[in-house]
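For reference, data37.cif (mmCIF, C-alpha atoms):
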data_start
#
loop_
_atom_site.label_atom_id
_atom_site.label_comp_id
_atom_site.auth_asym_id
_atom_site.auth_seq_id
_atom_site.Cartn_x
_atom_site.Cartn_y
_atom_site.Cartn_z
CA LEU D 9 0.00 0.00 0.00
CA LYS D 10 2.90 2.34 0.72
CA SER D 11 4.21 1.83 -2.82
CA LEU D 12 0.75 2.44 -4.27
CA TYR D 13 0.36 5.65 -2.26
CA MET D 14 3.85 6.91 -3.13
CA THR D 15 3.28 6.24 -6.84
CA TYR D 16 0.00 8.17 -7.02
CA ASP D 17 1.40 10.92 -4.79
CA ALA D 18 4.17 11.61 -7.34
CA THR D 19 2.85 14.39 -9.57
CA TYR D 20 5.98 16.03 -10.94
CA PRO D 21 6.62 16.33 -13.85
CA TYR D 22 3.30 14.54 -14.46
CA ASP D 23 0.79 12.43 -12.54
CA HIS D 24 2.21 8.95 -12.14
CA LYS D 25 0.19 5.74 -12.25
CA PHE D 26 0.71 2.38 -10.64
CA ASN D 27 1.09 0.70 -14.03
CA GLU D 28 3.82 3.06 -15.22
CA THR D 29 6.74 0.64 -14.95
CA LEU D 30 4.88 -2.06 -16.86
CA VAL D 31 3.73 0.43 -19.52
CA LYS D 32 7.20 1.90 -20.05
CA ASP D 33 8.74 -1.56 -20.27
CA GLN D 34 6.23 -2.64 -22.91
CA LEU D 35 6.76 0.62 -24.81
CA ARG D 36 10.55 0.12 -24.76
CA ASN D 37 10.14 -3.42 -26.11
CA LEU D 38 7.78 -2.21 -28.81
CA GLU D 39 10.09 0.68 -29.73
CA PHE D 40 12.96 -1.80 -30.17
CA SER D 41 10.99 -4.30 -32.22
CA VAL D 42 9.36 -1.70 -34.49
CA THR D 43 12.60 0.19 -35.21
CA LYS D 44 14.45 -3.10 -35.86
CA GLY D 45 11.64 -4.42 -38.07
CA ILE D 46 11.10 -7.52 -35.92
CA ASN D 47 7.70 -6.72 -34.48
CA ASP D 48 6.13 -9.93 -35.80
CA LYS D 49 8.88 -11.94 -34.08
CA GLN D 50 8.22 -10.11 -30.80
CA ILE D 51 4.53 -11.02 -30.99
CA ASP D 52 5.41 -14.62 -31.88
CA HIS D 53 7.66 -14.79 -28.82
CA TYR D 54 5.02 -13.25 -26.56
CA ILE D 55 2.39 -15.73 -27.74
CA MET D 56 4.81 -18.67 -27.46
CA THR D 57 5.72 -17.82 -23.86
CA ASN D 58 2.05 -17.42 -22.95
CA GLU D 59 0.82 -20.48 -24.84
CA PRO D 60 0.64 -22.80 -21.79
CA ILE D 61 -1.59 -20.27 -20.04
CA LEU D 62 -3.68 -19.72 -23.17
CA LYS D 63 -4.18 -23.47 -23.61
CA ARG D 64 -5.36 -23.72 -19.98
CA ILE D 65 -7.81 -20.89 -20.68
CA LYS D 66 -9.02 -22.73 -23.81
CA GLU D 67 -9.92 -25.76 -21.65
CA LEU D 68 -11.91 -23.51 -19.31
CA VAL D 69 -13.66 -21.84 -22.25
CA GLU D 70 -14.66 -25.25 -23.65
CA LYS D 71 -16.26 -26.10 -20.29
CA GLU D 72 -17.70 -22.72 -19.27
CA GLY D 73 -18.23 -20.69 -22.45
CA SER D 74 -16.72 -17.71 -24.26
CA GLU D 75 -17.25 -15.21 -21.43
CA LYS D 76 -14.71 -17.21 -19.40
CA ALA D 77 -12.03 -16.16 -21.91
CA LEU D 78 -12.59 -12.47 -21.18
CA VAL D 79 -12.62 -13.15 -17.45
CA GLU D 80 -9.31 -15.02 -17.66
CA LEU D 81 -7.62 -12.59 -20.07
CA PHE D 82 -8.70 -9.37 -18.34
CA ASP D 83 -10.48 -9.73 -14.99
CA ASP D 84 -8.54 -12.47 -13.21
CA GLU D 85 -5.08 -11.79 -14.62
CA PRO D 86 -2.85 -9.77 -12.25
CA CYS D 87 -0.79 -8.22 -15.07
CA SER D 88 -3.98 -7.12 -16.79
CA TYR D 89 -5.68 -5.56 -13.83
CA GLN D 90 -2.48 -3.69 -13.02
CA LEU D 91 -2.06 -2.59 -16.64
CA TYR D 92 -5.69 -1.71 -17.43
CA GLU D 93 -6.88 0.55 -14.66
CA HIS D 94 -10.63 0.78 -14.27
CA ILE D 95 -11.72 -2.20 -16.36
CA THR D 96 -15.42 -1.95 -17.21
CA VAL D 97 -16.99 -5.39 -17.30
CA LYS D 98 -20.05 -6.05 -19.44
CA GLU D 99 -21.31 -9.39 -20.68
CA GLY D 100 -19.17 -10.18 -23.73
CA GLU D 101 -17.07 -7.00 -23.45
CA ARG D 102 -14.21 -5.48 -21.52
CA SER D 103 -13.26 -1.83 -21.86
CA PHE D 104 -10.61 0.31 -20.20
CA PRO D 105 -8.73 3.58 -20.68
CA CYS D 106 -5.70 3.11 -22.93
CA PRO D 107 -2.76 2.59 -20.58
CA TYR D 108 -0.15 3.66 -23.15
CA LYS D 109 -1.21 6.96 -24.71
CA SER D 110 -0.42 9.49 -21.98
CA ASN D 111 2.85 7.81 -21.03
CA LEU D 112 3.99 7.60 -24.65
CA GLU D 113 3.09 11.26 -25.25
CA HIS D 114 4.95 12.37 -22.12
CA CYS D 115 8.07 10.37 -22.95
CA LYS D 116 8.09 11.58 -26.56
CA LYS D 117 7.65 15.22 -25.60
CA TRP D 118 9.83 15.58 -22.52
CA LEU D 119 12.28 12.71 -22.55
CA LYS D 120 12.57 12.18 -26.31
CA THR D 121 12.86 8.44 -25.65
CA PHE D 122 10.36 7.07 -28.18
CA THR D 123 9.89 7.44 -31.92
CA ILE D 124 6.92 5.06 -32.25
CA GLU D 125 3.44 6.47 -32.61
CA TRP D 126 0.35 5.63 -30.59
CA SER D 127 -1.04 3.92 -33.69
CA ASP D 128 1.99 1.59 -33.56
CA VAL D 129 1.04 0.57 -30.04
CA CYS D 130 -2.53 -0.17 -31.13
CA ASN D 131 -1.80 -1.81 -34.48
CA LYS D 132 1.53 -3.48 -33.78
CA TRP D 133 0.95 -4.63 -30.21
CA CYS D 134 -2.52 -4.50 -28.68
CA ILE D 135 -4.67 -5.66 -31.59
CA PRO D 136 -2.40 -8.48 -32.82
CA THR D 137 -1.62 -9.89 -29.37
CA TRP D 138 -5.25 -9.81 -28.24
CA LYS D 139 -6.48 -11.39 -31.48
CA ARG D 140 -3.81 -14.09 -31.51
CA SER D 141 -4.51 -14.88 -27.86
CA ALA D 142 -8.23 -15.10 -28.66
CA ASP D 143 -7.52 -17.49 -31.54
CA ILE D 144 -5.64 -19.84 -29.24
CA VAL D 145 -8.35 -19.83 -26.57
CA GLY D 146 -10.97 -20.49 -29.24
CA ILE D 147 -12.94 -17.25 -29.39
CA GLU D 148 -13.40 -14.49 -31.94
CA ILE D 149 -13.12 -10.89 -30.82
CA GLU D 150 -13.60 -7.42 -32.15
CA VAL D 151 -11.10 -4.84 -30.89
CA LYS D 152 -11.62 -1.09 -30.82
CA THR D 153 -8.72 1.09 -29.79
CA GLY D 154 -8.82 4.73 -28.75
CA GLU D 155 -8.87 6.77 -25.58
CA THR D 156 -10.95 3.86 -24.33
CA CYS D 157 -10.16 0.43 -25.72
CA SER D 158 -12.70 -2.36 -25.89
CA VAL D 159 -12.51 -6.06 -26.59
CA CYS D 160 -15.84 -7.67 -27.49
CA LEU D 161 -16.80 -11.23 -28.19
CA LYS D 162 -18.15 -11.67 -31.69
CA ASN D 163 -21.54 -13.32 -31.35
CA SER D 164 -22.79 -16.12 -33.55
CA GLU D 165 -24.98 -13.75 -35.61
CA GLU D 166 -21.92 -11.65 -36.54
CA LYS D 167 -20.02 -14.80 -37.53
CA LYS D 168 -22.76 -15.74 -40.02
CA SER D 169 -22.71 -12.36 -41.79
#

Would you write the structure of this file as C-alpha cells?
Amino acid sequence: LKSLYMTYDATYPYDHKFNETLVKDQLRNLEFSVTKGINDKQIDHYIMTNEPILKRIKELVEKEGSEKALVELFDDEPCSYQLYEHITVKEGERSFPCPYKSNLEHCKKWLKTFTIEWSDVCNKWCIPTWKRSADIVGIEIEVKTGETCSVCLKNSEEKKS
C-alpha cells in the first residue's frame, strides 16, 4: 500500500500511475521491435511464452463458455488488472482507458525516448496480441482502440454475416 500511495502521490513532472513501470517496459520493447523491423517476431515470442496459459484458458472456455475467456484474459489476470486501470466489465465485453497513450506522449515530448506512434502501439501490439490470444483460446473478438479500448466477443450472428 505504501508503494501504491507513493506512486499516485508523485505528480511532478506529471501524474504517475501504478502501471507506469509495466507500460514503459512494454513501450521500450515495442520501440525496439518496431525500429528493428522484428515486431512480428516479438509477438510470436510473446504468444509462445504465454501459450501454456492460453491453452489452460481454452480448456476452461470449452467447459464454461466464451465469457470465461474475457474473465481469464482481463479480470482475473494480475498483469492485466495492473495494466488496465478501471476495467469496465459487461457481458461479452471489456473496456478500459488506454494505458499507453499518456505515457507515450509524455516520454516523446519531454524525454525524447520514443519514436513510435500511438497507432503503432494499437496496431503493432494490442490488436495483434489480443487477437492471436483469442484465436488460441478459441474465441473471436472485435477490438476497438482509442482513448478507451474495448474487446468484445463476436456473437454467432456476426459470424454468419

*Of the candidates D:Ser74, D:Thr43, D:Thr96, D:Thr153, which shows the shortest atom-to-atom distance to D:Tyr108, using all atoms listed in the file?*
D:Thr153

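Using all atoms listed in the file, the protein and nucleic acid residues lying no more than 9 Å from D:Gln50, apart from those fewer than 5 places from it along its own chain, are Asn37, Leu38, Ser41 and Ile55 of chain D.
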
*Could you spell out the hits of the PyMOL selection byres ((chain D and resi 31) around 8) on the shown file, as JSON, numbers by chain?*
{"D": [27, 28, 29, 30, 32, 33, 34, 35, 91, 107, 108, 111]}

*If you measure from atom CA of D:Lys49 to atom CA of D:Asp143, what distance in Å do you get, rounded to one decimal?*
17.5 Å

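Checking D:Thr121, D:Lys98, D:Leu81, D:Lys44 one by one against D:Leu62, counting all atoms listed in the file, you find the shortest gap at D:Leu81.
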
*Which residue, D:Ile65, D:Leu78, D:Cys160, D:Val42, has the smallest gap to D:Thr123 when you use all atoms listed in the file?*
D:Val42

In the coordinates of the file, take the point (-11.6, -5.5, -27.1) and a cut-off of 8 Å; then, counting only C-alpha atoms, name each qualifying protein, DNA or RNA residue as an mmCIF file with C-alpha atoms, keeping the file's coordinate frame.
data_model
loop_
_atom_site.group_PDB
_atom_site.id
_atom_site.type_symbol
_atom_site.label_atom_id
_atom_site.label_comp_id
_atom_site.auth_asym_id
_atom_site.auth_seq_id
_atom_site.Cartn_x
_atom_site.Cartn_y
_atom_site.Cartn_z
ATOM 1 C CA GLU D 101 -17.070 -7.000 -23.450
ATOM 2 C CA ARG D 102 -14.210 -5.480 -21.520
ATOM 3 C CA SER D 103 -13.260 -1.830 -21.860
ATOM 4 C CA TRP D 138 -5.250 -9.810 -28.240
ATOM 5 C CA ILE D 149 -13.120 -10.890 -30.820
ATOM 6 C CA GLU D 150 -13.600 -7.420 -32.150
ATOM 7 C CA VAL D 151 -11.100 -4.840 -30.890
ATOM 8 C CA LYS D 152 -11.620 -1.090 -30.820
ATOM 9 C CA THR D 153 -8.720 1.090 -29.790
ATOM 10 C CA CYS D 157 -10.160 0.430 -25.720
ATOM 11 C CA SER D 158 -12.700 -2.360 -25.890
ATOM 12 C CA VAL D 159 -12.510 -6.060 -26.590
ATOM 13 C CA CYS D 160 -15.840 -7.670 -27.490
ATOM 14 C CA LEU D 161 -16.800 -11.230 -28.190
#

*Find the distance between atom CA of D:Lys63 and atom CA of D:Pro105 and write it in Å to one decimal.*
27.6 Å

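Picture a line from atom CA of D:Val145 to atom CA of D:Gly45; it runs 27.7 Å.
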
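Comparing the minimum interatomic distances between D:Cys130 and each of D:Asp84, D:Glu155, D:Glu113, D:Glu72, counting all atoms listed in the file, we find that D:Glu155 sits nearest.
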
Result set of the PyMOL selection byres ((chain D and resi 67) around 12) on the coordinates above, as a compact mmCIF listing (two decimals) with C-alpha atoms, in the coordinates of the input:
# COMPACT_ATOMS: atom_id res chain seq x y z
CA PRO D 60 0.64 -22.80 -21.79
CA ILE D 61 -1.59 -20.27 -20.04
CA LEU D 62 -3.68 -19.72 -23.17
CA LYS D 63 -4.18 -23.47 -23.61
CA ARG D 64 -5.36 -23.72 -19.98
CA ILE D 65 -7.81 -20.89 -20.68
CA LYS D 66 -9.02 -22.73 -23.81
CA LEU D 68 -11.91 -23.51 -19.31
CA VAL D 69 -13.66 -21.84 -22.25
CA GLU D 70 -14.66 -25.25 -23.65
CA LYS D 71 -16.26 -26.10 -20.29
CA GLU D 72 -17.70 -22.72 -19.27
CA GLY D 73 -18.23 -20.69 -22.45
CA SER D 74 -16.72 -17.71 -24.26
CA LYS D 76 -14.71 -17.21 -19.40
CA ALA D 77 -12.03 -16.16 -21.91
CA GLU D 80 -9.31 -15.02 -17.66
CA ILE D 144 -5.64 -19.84 -29.24
CA VAL D 145 -8.35 -19.83 -26.57
CA GLY D 146 -10.97 -20.49 -29.24
CA ILE D 147 -12.94 -17.25 -29.39
